[in-house]
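Undergrad: Sharing data08.cif (mmCIF, C-alpha atoms) below.
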```cif
data_input
loop_
_atom_site.label_atom_id
_atom_site.label_comp_id
_atom_site.auth_asym_id
_atom_site.auth_seq_id
_atom_site.Cartn_x
_atom_site.Cartn_y
_atom_site.Cartn_z
CA MET A 1 -120.21 -11.74 -30.51
CA ALA A 2 -116.96 -10.67 -32.14
CA GLU A 3 -117.94 -7.00 -32.10
CA ASP A 4 -118.76 -7.12 -28.35
CA GLU A 5 -115.26 -8.51 -27.49
CA LYS A 6 -113.36 -5.70 -29.26
CA PRO A 7 -114.47 -2.88 -26.98
CA ASP A 8 -113.58 -4.99 -23.95
CA GLU A 9 -109.92 -5.19 -25.10
CA THR A 10 -109.72 -1.42 -25.49
CA GLU A 11 -111.08 -0.87 -22.02
CA GLU A 12 -108.54 -3.26 -20.38
CA THR A 13 -105.36 -1.76 -21.99
CA PRO A 14 -105.37 1.60 -20.21
CA ALA A 15 -105.85 -0.12 -16.88
CA THR A 16 -102.63 -2.12 -17.31
CA GLU A 17 -100.50 0.74 -18.74
CA ALA A 18 -101.46 3.35 -16.14
CA PRO A 19 -99.49 2.03 -13.09
CA GLN A 20 -96.13 1.94 -15.00
CA PRO A 21 -95.41 5.72 -14.96
CA GLU A 22 -96.52 5.91 -11.29
CA ALA A 23 -93.72 3.45 -10.24
CA GLU A 24 -91.04 5.29 -12.28
CA ALA A 25 -91.91 8.75 -10.96
CA PRO A 26 -90.28 8.54 -7.44
CA ALA A 27 -86.96 7.24 -8.87
CA PRO A 28 -85.52 10.63 -10.08
CA GLU A 29 -86.39 12.26 -6.74
CA ALA A 30 -84.23 9.81 -4.74
CA GLU A 31 -81.16 9.98 -7.04
CA PRO A 32 -79.92 13.57 -6.38
CA GLU A 33 -80.09 13.16 -2.59
CA THR A 34 -77.18 10.68 -2.18
CA PRO A 35 -74.38 12.07 -4.48
CA GLU A 36 -74.76 15.76 -3.63
CA PRO A 37 -73.85 15.65 0.08
CA ALA A 38 -70.91 13.27 -0.64
CA ALA A 39 -69.37 15.75 -3.09
CA ASP A 40 -69.93 18.65 -0.71
CA ALA A 41 -68.23 16.81 2.18
CA GLU A 42 -65.15 15.75 0.21
CA ALA A 43 -64.53 19.08 -1.54
CA PRO A 44 -63.27 21.14 1.45
CA GLN A 45 -60.73 18.52 2.60
CA PRO A 46 -58.04 18.93 -0.15
CA ALA A 47 -58.57 22.69 -0.10
CA ALA A 48 -57.84 22.86 3.61
CA GLU A 49 -54.74 20.72 3.22
CA ALA A 50 -53.38 22.73 0.29
CA GLU A 51 -53.91 26.11 1.91
CA VAL A 52 -51.66 25.62 4.95
CA ALA A 53 -48.54 23.52 5.57
CA VAL A 54 -46.97 23.36 9.00
CA GLU A 55 -43.21 23.03 9.65
CA GLY A 56 -42.43 23.02 13.34
CA ASP A 57 -44.05 26.08 14.90
CA GLU A 58 -44.23 28.16 11.67
CA VAL A 59 -47.24 28.23 9.34
CA ILE A 60 -46.45 28.43 5.59
CA THR A 61 -48.95 29.08 2.84
CA GLU A 62 -49.19 27.06 -0.32
CA GLU A 63 -47.41 29.70 -2.43
CA GLU A 64 -44.50 29.96 -0.03
CA PHE A 65 -44.26 26.18 0.11
CA GLU A 66 -43.98 26.00 -3.69
CA GLU A 67 -41.25 28.67 -3.65
CA LEU A 68 -39.28 26.62 -1.12
CA GLU A 69 -39.47 23.56 -3.35
CA GLU A 70 -38.25 25.51 -6.40
CA THR A 71 -35.21 26.98 -4.62
CA PRO A 72 -32.09 24.75 -4.92
CA ARG A 73 -30.90 23.03 -1.78
CA LEU A 74 -27.50 24.14 -0.53
CA LYS A 75 -24.94 21.66 0.75
CA PRO A 76 -24.91 21.74 4.58
CA GLU A 77 -21.81 23.08 6.24
CA ILE A 78 -19.58 20.99 8.44
CA PRO A 79 -21.43 20.38 11.72
CA GLY A 80 -19.82 22.26 14.56
CA ALA A 81 -17.66 24.47 12.33
CA ASP A 82 -19.00 27.62 13.96
CA LEU A 83 -18.28 26.42 17.51
CA GLU A 84 -15.45 27.89 19.54
CA VAL A 85 -12.90 25.79 21.38
CA ASP A 86 -13.37 26.09 25.11
CA ILE A 87 -10.88 23.46 26.28
CA VAL A 88 -8.52 24.75 28.97
CA ARG A 89 -5.47 22.67 29.81
CA ASP A 90 -3.79 22.55 33.20
CA GLU A 91 -0.56 24.43 33.71
CA ASP A 92 1.28 21.20 34.52
CA SER A 93 0.31 19.48 31.26
CA GLN A 94 0.62 22.63 29.14
CA ARG A 95 3.91 22.91 27.29
CA GLY A 96 3.64 26.66 26.83
CA ASP A 97 2.59 28.89 23.97
CA TYR A 98 4.84 27.08 21.51
CA ARG A 99 3.98 27.43 17.86
CA TRP A 100 5.80 26.11 14.84
CA SER A 101 7.46 28.66 12.61
CA GLU A 102 9.12 28.39 9.25
CA ASP A 103 12.54 29.31 10.66
CA GLU A 104 12.63 26.38 13.08
CA PRO A 105 13.71 22.97 11.73
CA ASP A 106 11.20 20.10 11.69
CA ASP A 107 13.71 17.48 12.76
CA GLU A 108 13.84 18.63 16.38
CA PRO A 109 11.91 16.23 18.66
CA ALA A 110 9.31 17.56 21.10
CA ASP A 111 9.44 17.63 24.90
CA GLY A 112 13.10 18.62 24.93
CA ILE A 113 14.35 15.13 24.00
CA ASP A 114 17.67 15.10 22.19
CA ALA A 115 17.93 13.29 18.88
CA GLU A 116 20.90 11.33 20.20
CA GLU A 117 18.74 9.76 22.91
CA LEU A 118 16.28 8.42 20.33
CA GLU A 119 19.01 6.59 18.39
CA PRO A 120 20.14 3.20 19.73
CA GLN A 121 23.16 3.60 21.93
CA PRO A 122 26.16 1.27 21.39
CA ILE A 123 26.89 -1.46 23.90
CA ALA A 124 29.52 -0.11 26.28
CA ASP A 125 30.59 -3.38 27.93
CA ALA A 126 31.65 -5.16 24.70
CA ALA A 127 35.08 -6.81 25.09
CA ILE A 128 36.40 -8.34 21.85
CA ASP A 129 39.97 -9.52 21.42
CA LEU A 130 41.46 -7.57 18.51
CA ALA A 131 44.75 -9.42 18.23
CA ALA A 132 46.54 -9.38 14.89
CA GLY A 133 45.56 -12.95 14.00
CA ALA A 134 42.03 -12.94 15.45
CA ARG A 135 39.37 -14.38 13.13
CA TYR A 136 35.69 -14.88 13.95
CA THR A 137 33.58 -16.82 11.47
CA ALA A 138 29.86 -17.51 11.23
CA THR A 139 27.14 -18.29 8.70
CA GLY A 140 24.08 -16.10 8.21
CA LYS A 141 20.90 -17.02 6.34
CA ARG A 142 17.68 -15.41 5.19
CA LYS A 143 15.20 -17.11 2.88
CA THR A 144 17.41 -18.90 0.34
CA ALA A 145 20.43 -16.57 0.70
CA VAL A 146 23.53 -17.79 2.55
CA ALA A 147 26.43 -15.60 3.75
CA ARG A 148 29.70 -16.94 5.14
CA VAL A 149 31.18 -14.11 7.21
CA ILE A 150 34.69 -13.54 8.63
CA LEU A 151 35.37 -10.73 11.13
CA LYS A 152 38.94 -9.57 11.65
CA PRO A 153 40.66 -6.49 13.12
CA GLY A 154 40.81 -3.57 10.67
CA SER A 155 39.37 -0.16 9.84
CA GLY A 156 35.75 -1.03 8.99
CA VAL A 157 36.15 -2.20 5.38
CA TYR A 158 33.56 -4.52 3.84
CA ALA A 159 34.54 -6.99 1.11
CA ILE A 160 31.61 -9.01 -0.28
CA ASN A 161 32.53 -11.50 -2.99
CA GLY A 162 35.61 -9.36 -3.61
CA ARG A 163 33.63 -6.11 -4.04
CA PRO A 164 33.06 -3.18 -1.64
CA LEU A 165 29.78 -2.78 0.19
CA GLU A 166 28.63 0.27 -1.79
CA GLU A 167 29.10 -1.56 -5.08
CA PHE A 168 27.50 -4.85 -4.06
CA PHE A 169 24.55 -3.19 -2.28
CA PRO A 170 23.83 0.18 -3.94
CA ARG A 171 20.79 0.89 -1.77
CA ALA A 172 21.46 3.07 1.27
CA THR A 173 18.77 1.27 3.26
CA LEU A 174 20.43 -2.11 2.82
CA GLN A 175 23.84 -0.64 3.68
CA ARG A 176 22.40 0.80 6.90
CA ASN A 177 20.89 -2.56 7.88
CA ILE A 178 24.18 -4.38 7.27
CA ARG A 179 26.16 -1.92 9.42
CA GLN A 180 23.74 -2.11 12.38
CA PRO A 181 25.37 -5.01 14.32
CA LEU A 182 28.87 -3.50 14.37
CA GLU A 183 27.52 -0.02 15.12
CA THR A 184 25.53 -1.43 18.05
CA VAL A 185 28.64 -3.03 19.51
CA GLY A 186 30.77 0.03 18.76
CA TYR A 187 33.33 -1.76 16.56
CA ASP A 188 32.18 -0.39 13.20
CA SER A 189 35.56 1.33 12.60
CA ARG A 190 37.76 -1.33 14.29
CA MET A 191 36.83 -4.52 12.41
CA ASP A 192 36.76 -5.58 8.77
CA VAL A 193 34.10 -7.85 7.23
CA VAL A 194 34.84 -10.44 4.56
CA ALA A 195 31.82 -12.34 3.22
CA LEU A 196 30.97 -14.82 0.49
CA MET A 197 27.36 -14.64 -0.73
CA HIS A 198 25.21 -16.94 -2.83
CA GLY A 199 21.53 -17.55 -3.39
CA GLY A 200 18.51 -15.34 -2.86
CA GLY A 201 17.91 -11.79 -3.96
CA VAL A 202 19.42 -8.47 -3.01
CA SER A 203 17.28 -7.93 0.08
CA ALA A 204 17.67 -11.53 1.24
CA GLN A 205 21.44 -11.36 0.85
CA ALA A 206 21.56 -8.16 2.93
CA GLY A 207 19.57 -9.85 5.70
CA ALA A 208 21.78 -12.94 5.56
CA LEU A 209 24.91 -10.78 5.82
CA ARG A 210 23.58 -8.95 8.87
CA HIS A 211 22.64 -12.27 10.45
CA GLY A 212 26.12 -13.65 9.81
CA ILE A 213 27.86 -10.59 11.27
CA SER A 214 25.71 -10.83 14.41
CA ARG A 215 26.56 -14.50 14.85
CA ALA A 216 30.24 -13.77 14.38
CA LEU A 217 30.11 -11.11 17.10
CA ILE A 218 28.73 -13.74 19.51
CA GLU A 219 31.71 -15.92 18.67
CA ALA A 220 33.92 -13.00 19.60
CA ASP A 221 32.04 -12.13 22.83
CA PRO A 222 29.23 -14.42 24.11
CA ASN A 223 28.02 -11.68 26.49
CA LEU A 224 26.63 -9.74 23.52
CA ARG A 225 23.99 -12.36 22.81
CA SER A 226 21.22 -10.90 24.98
CA GLU A 227 21.57 -7.39 23.59
CA LEU A 228 21.81 -8.48 19.95
CA LYS A 229 18.86 -10.82 20.36
CA ARG A 230 16.77 -8.08 21.98
CA ARG A 231 17.32 -5.88 18.92
CA GLY A 232 16.36 -8.71 16.54
CA PHE A 233 19.74 -9.25 14.87
CA LEU A 234 19.89 -12.96 15.70
CA THR A 235 16.43 -13.86 14.40
CA ARG A 236 16.58 -16.31 11.51
CA ASP A 237 14.05 -15.23 8.89
CA ALA A 238 12.99 -18.58 7.42
CA ARG A 239 10.15 -17.29 5.26
CA VAL A 240 10.55 -18.89 1.84
CA LYS A 241 8.20 -18.85 -1.13
CA GLU A 242 6.09 -22.01 -1.07
CA ARG A 243 6.64 -24.41 -3.95
CA LYS A 244 4.14 -24.91 -6.73
CA LYS A 245 1.91 -28.00 -6.58
CA ALA A 246 0.80 -30.24 -9.43
CA GLY A 247 -2.63 -29.34 -10.75
CA LEU A 248 -2.52 -25.83 -9.25
CA LYS A 249 -1.50 -22.57 -10.86
CA LYS A 250 0.68 -21.57 -7.92
CA ALA A 251 1.37 -22.90 -4.44
CA ARG A 252 -2.32 -22.79 -3.44
CA LYS A 253 -4.17 -21.03 -6.25
CA ARG A 254 -6.60 -23.38 -7.98
CA PRO A 255 -7.82 -23.12 -11.57
CA GLN A 256 -11.32 -21.70 -12.01
CA PHE A 257 -14.08 -24.31 -11.86
CA SER A 258 -15.93 -24.92 -15.10
CA LYS A 259 -19.09 -27.00 -15.05
CA ARG A 260 -18.99 -27.68 -18.81
#
```
Just dump the structure as structure tokens.

TA:
Amino acid sequence: MAEDEKPDETEETPATEAPQPEAEAPAPEAEPETPEPAADAEAPQPAAEAEVAVEGDEVITEEEFEELEETPRLKPEIPGADLEVDIVRDEDSQRGDYRWSEDEPDDEPADGIDAEELEPQPIADAAIDLAAGARYTATGKRKTAVARVILKPGSGVYAINGRPLEEFFPRATLQRNIRQPLETVGYDSRMDVVALMHGGGVSAQAGALRHGISRALIEADPNLRSELKRRGFLTRDARVKERKKAGLKKARKRPQFSKR
């Protein structure tokens, strides 16, 4: 019985092994169908894009496009530099074909205005009594500077703490500011100024002296008040440096905050 069973096993083995290669055979035929058309469809797209590049209405090839990228970019010129001026002025508003030249001075004002008209004109209706014993006193202030001023008839001499104006105030700008009130009234060469100064700095003392001279002129002629006030000679400049506070570095500056 054992010998009869052996040939049966040999006959059954080929029947089971035969269908395996039949199932594997159609697999390689289906594989090349899917990837091949995908590669063929994608290949022409980058080629078409690389061959031609469009800028506006012009068509540029790939080689020309690479040459444009390699060339350095120049800085653009000022926009509108090549345009021509086409503005035409009316004859009424046109001043004429006037052009500056090196021979002509630069100090001349335009439009035919004289330089004397631009400067402040002295007050013509000032009436100050210039008797021999006339004295007009006033006090001028600016910041912390105080000036006690005395105006008297004379030749326009300034004596400040016993020194002349040019020695006490070497700056020409300060000298011009101090002389403004008397020049405005027209008595700059007919009255002397005697002043006692204390406090403040050089600029503050000059402002206090001008303020005191202006107040003294009002004592001499009250009608000058409106004109002197209009020109700003009677304004009391009370701006003073604010005092330091406890716990602060300055008047309002705080120390830097530190968490630790």

Undergrad: To one decimal place, how far is atom CA of Arg179 of chain A from atom CA of Glu167 of chain A in Å?

TA: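 Taking atom CA of Arg179 of chain A as the start and atom CA of Glu167 of chain A as the end point, the length is 14.8 Å.
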
Undergrad: So the first atom is atom CA of Pro222 of chain A and the second is atom CA of Ala126 of chain A; what is the distance between them in Å, to one decimal place?

TA: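 Interatomic distance, atom CA of Pro222 of chain A to atom CA of Ala126 of chain A: 9.6 Å.
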
Undergrad: How many Å separate atom CA of Val149 of chain A from atom CA of Val194 of chain A?

TA: 5.8 Å

Undergrad: Can you check which parts of segment 140-188 of chain A lie within 12 Å of segment 224-231 of chain A? Per residue, the shortest pair of atoms and distance in Å to one decimal, counting all atoms listed in the file, sorted by chain and number, as JSON lines.

TA:
```
{"residue": "A:Gln180", "atom": "CA", "partner": "A:Arg231", "partner_atom": "CA", "distance": 9.9}
{"residue": "A:Pro181", "atom": "CA", "partner": "A:Leu228", "partner_atom": "CA", "distance": 7.5}
{"residue": "A:Leu182", "atom": "CA", "partner": "A:Leu228", "partner_atom": "CA", "distance": 10.3}
{"residue": "A:Glu183", "atom": "CA", "partner": "A:Leu228", "partner_atom": "CA", "distance": 11.3}
{"residue": "A:Thr184", "atom": "CA", "partner": "A:Leu228", "partner_atom": "CA", "distance": 8.2}
{"residue": "A:Val185", "atom": "CA", "partner": "A:Leu224", "partner_atom": "CA", "distance": 8.1}
{"residue": "A:Gly186", "atom": "CA", "partner": "A:Leu224", "partner_atom": "CA", "distance": 11.6}
```

Undergrad: Might you pull out every residue within 8 Å of segment 235-247 of chain A, with only C-alpha atoms counted and same-chain residues fewer than 4 positions away left off, and present them as a ChimeraX atom specification?

TA: /A:141-144,211,229,251-252,254

Undergrad: Could you tell me which residues the PyMOL selection byres ((chain A and resi 153) around 12) grabs in this file, written as a count of residues only?

TA: 26

Undergrad: Run through the PyMOL selection byres ((chain A and resi 199-204) around 8) on the given coordinates and return the selected residues as a PyMOL selection string.

TA: chain A and resi 142-146+169+174+197-198+205-208

Undergrad: Using the chain letters and numbers from the file, give me the residues hit by the PyMOL selection byres ((chain A and resi 139) around 7), as a PyMOL selection string.

TA: chain A and resi 138+140-141+147-149+212

Undergrad: Assuming the input is short of atoms at segment 205-225 of chain A, produce N, CA, C and O atoms for that part as a PDB file, in the coordinates of the input.

TA:
```
ATOM      1  N   GLN A 205      20.005 -11.298   0.610  1.00  0.00           N
ATOM      2  CA  GLN A 205      21.440 -11.360   0.850  1.00  0.00           C
ATOM      3  C   GLN A 205      21.875 -10.345   1.915  1.00  0.00           C
ATOM      4  O   GLN A 205      22.746 -10.625   2.732  1.00  0.00           O
ATOM      5  N   ALA A 206      21.235  -9.147   1.902  1.00  0.00           N
ATOM      6  CA  ALA A 206      21.560  -8.160   2.930  1.00  0.00           C
ATOM      7  C   ALA A 206      21.148  -8.664   4.308  1.00  0.00           C
ATOM      8  O   ALA A 206      21.891  -8.499   5.291  1.00  0.00           O
ATOM      9  N   GLY A 207      19.986  -9.295   4.417  1.00  0.00           N
ATOM     10  CA  GLY A 207      19.570  -9.850   5.700  1.00  0.00           C
ATOM     11  C   GLY A 207      20.449 -10.998   6.148  1.00  0.00           C
ATOM     12  O   GLY A 207      20.741 -11.152   7.336  1.00  0.00           O
ATOM     13  N   ALA A 208      20.890 -11.828   5.205  1.00  0.00           N
ATOM     14  CA  ALA A 208      21.780 -12.940   5.560  1.00  0.00           C
ATOM     15  C   ALA A 208      23.137 -12.416   6.034  1.00  0.00           C
ATOM     16  O   ALA A 208      23.723 -12.967   6.976  1.00  0.00           O
ATOM     17  N   LEU A 209      23.616 -11.343   5.411  1.00  0.00           N
ATOM     18  CA  LEU A 209      24.910 -10.780   5.820  1.00  0.00           C
ATOM     19  C   LEU A 209      24.818 -10.184   7.220  1.00  0.00           C
ATOM     20  O   LEU A 209      25.731 -10.369   8.048  1.00  0.00           O
ATOM     21  N   ARG A 210      23.745  -9.489   7.519  1.00  0.00           N
ATOM     22  CA  ARG A 210      23.580  -8.950   8.870  1.00  0.00           C
ATOM     23  C   ARG A 210      23.463 -10.065   9.902  1.00  0.00           C
ATOM     24  O   ARG A 210      24.011  -9.965  11.012  1.00  0.00           O
ATOM     25  N   HIS A 211      22.758 -11.125   9.548  1.00  0.00           N
ATOM     26  CA  HIS A 211      22.640 -12.270  10.450  1.00  0.00           C
ATOM     27  C   HIS A 211      23.991 -12.928  10.692  1.00  0.00           C
ATOM     28  O   HIS A 211      24.325 -13.323  11.834  1.00  0.00           O
ATOM     29  N   GLY A 212      24.808 -13.040   9.652  1.00  0.00           N
ATOM     30  CA  GLY A 212      26.120 -13.650   9.810  1.00  0.00           C
ATOM     31  C   GLY A 212      27.059 -12.792  10.643  1.00  0.00           C
ATOM     32  O   GLY A 212      27.832 -13.320  11.471  1.00  0.00           O
ATOM     33  N   ILE A 213      27.009 -11.470  10.465  1.00  0.00           N
ATOM     34  CA  ILE A 213      27.860 -10.590  11.270  1.00  0.00           C
ATOM     35  C   ILE A 213      27.468 -10.667  12.744  1.00  0.00           C
ATOM     36  O   ILE A 213      28.319 -10.696  13.635  1.00  0.00           O
ATOM     37  N   SER A 214      26.171 -10.741  13.015  1.00  0.00           N
ATOM     38  CA  SER A 214      25.710 -10.830  14.410  1.00  0.00           C
ATOM     39  C   SER A 214      26.162 -12.132  15.054  1.00  0.00           C
ATOM     40  O   SER A 214      26.582 -12.146  16.225  1.00  0.00           O
ATOM     41  N   ARG A 215      26.100 -13.221  14.301  1.00  0.00           N
ATOM     42  CA  ARG A 215      26.560 -14.500  14.850  1.00  0.00           C
ATOM     43  C   ARG A 215      28.076 -14.491  15.086  1.00  0.00           C
ATOM     44  O   ARG A 215      28.571 -15.070  16.065  1.00  0.00           O
ATOM     45  N   ALA A 216      28.786 -13.836  14.194  1.00  0.00           N
ATOM     46  CA  ALA A 216      30.240 -13.770  14.380  1.00  0.00           C
ATOM     47  C   ALA A 216      30.612 -12.934  15.595  1.00  0.00           C
ATOM     48  O   ALA A 216      31.602 -13.229  16.285  1.00  0.00           O
ATOM     49  N   LEU A 217      29.824 -11.908  15.903  1.00  0.00           N
ATOM     50  CA  LEU A 217      30.110 -11.110  17.100  1.00  0.00           C
ATOM     51  C   LEU A 217      29.884 -11.926  18.367  1.00  0.00           C
ATOM     52  O   LEU A 217      30.574 -11.726  19.376  1.00  0.00           O
ATOM     53  N   ILE A 218      28.932 -12.874  18.339  1.00  0.00           N
ATOM     54  CA  ILE A 218      28.730 -13.740  19.510  1.00  0.00           C
ATOM     55  C   ILE A 218      29.920 -14.680  19.687  1.00  0.00           C
ATOM     56  O   ILE A 218      30.309 -14.999  20.818  1.00  0.00           O
ATOM     57  N   GLU A 219      30.493 -15.096  18.572  1.00  0.00           N
ATOM     58  CA  GLU A 219      31.710 -15.920  18.670  1.00  0.00           C
ATOM     59  C   GLU A 219      32.840 -15.129  19.309  1.00  0.00           C
ATOM     60  O   GLU A 219      33.662 -15.676  20.048  1.00  0.00           O
ATOM     61  N   ALA A 220      32.871 -13.826  19.017  1.00  0.00           N
ATOM     62  CA  ALA A 220      33.920 -13.000  19.600  1.00  0.00           C
ATOM     63  C   ALA A 220      33.665 -12.697  21.065  1.00  0.00           C
ATOM     64  O   ALA A 220      34.605 -12.696  21.880  1.00  0.00           O
ATOM     65  N   ASP A 221      32.374 -12.432  21.435  1.00  0.00           N
ATOM     66  CA  ASP A 221      32.040 -12.130  22.830  1.00  0.00           C
ATOM     67  C   ASP A 221      30.651 -12.697  23.108  1.00  0.00           C
ATOM     68  O   ASP A 221      29.642 -12.125  22.667  1.00  0.00           O
ATOM     69  N   PRO A 222      30.556 -13.826  23.836  1.00  0.00           N
ATOM     70  CA  PRO A 222      29.230 -14.420  24.110  1.00  0.00           C
ATOM     71  C   PRO A 222      28.309 -13.535  24.941  1.00  0.00           C
ATOM     72  O   PRO A 222      27.092 -13.721  24.939  1.00  0.00           O
ATOM     73  N   ASN A 223      28.850 -12.546  25.651  1.00  0.00           N
ATOM     74  CA  ASN A 223      28.020 -11.680  26.490  1.00  0.00           C
ATOM     75  C   ASN A 223      27.142 -10.727  25.649  1.00  0.00           C
ATOM     76  O   ASN A 223      26.214 -10.115  26.190  1.00  0.00           O
ATOM     77  N   LEU A 224      27.417 -10.623  24.374  1.00  0.00           N
ATOM     78  CA  LEU A 224      26.630  -9.740  23.520  1.00  0.00           C
ATOM     79  C   LEU A 224      25.341 -10.381  23.027  1.00  0.00           C
ATOM     80  O   LEU A 224      24.547  -9.720  22.359  1.00  0.00           O
ATOM     81  N   ARG A 225      25.145 -11.642  23.367  1.00  0.00           N
ATOM     82  CA  ARG A 225      23.990 -12.360  22.810  1.00  0.00           C
ATOM     83  C   ARG A 225      22.655 -11.742  23.236  1.00  0.00           C
ATOM     84  O   ARG A 225      21.765 -11.548  22.408  1.00  0.00           O
TER      85      ARG A 225
END
```
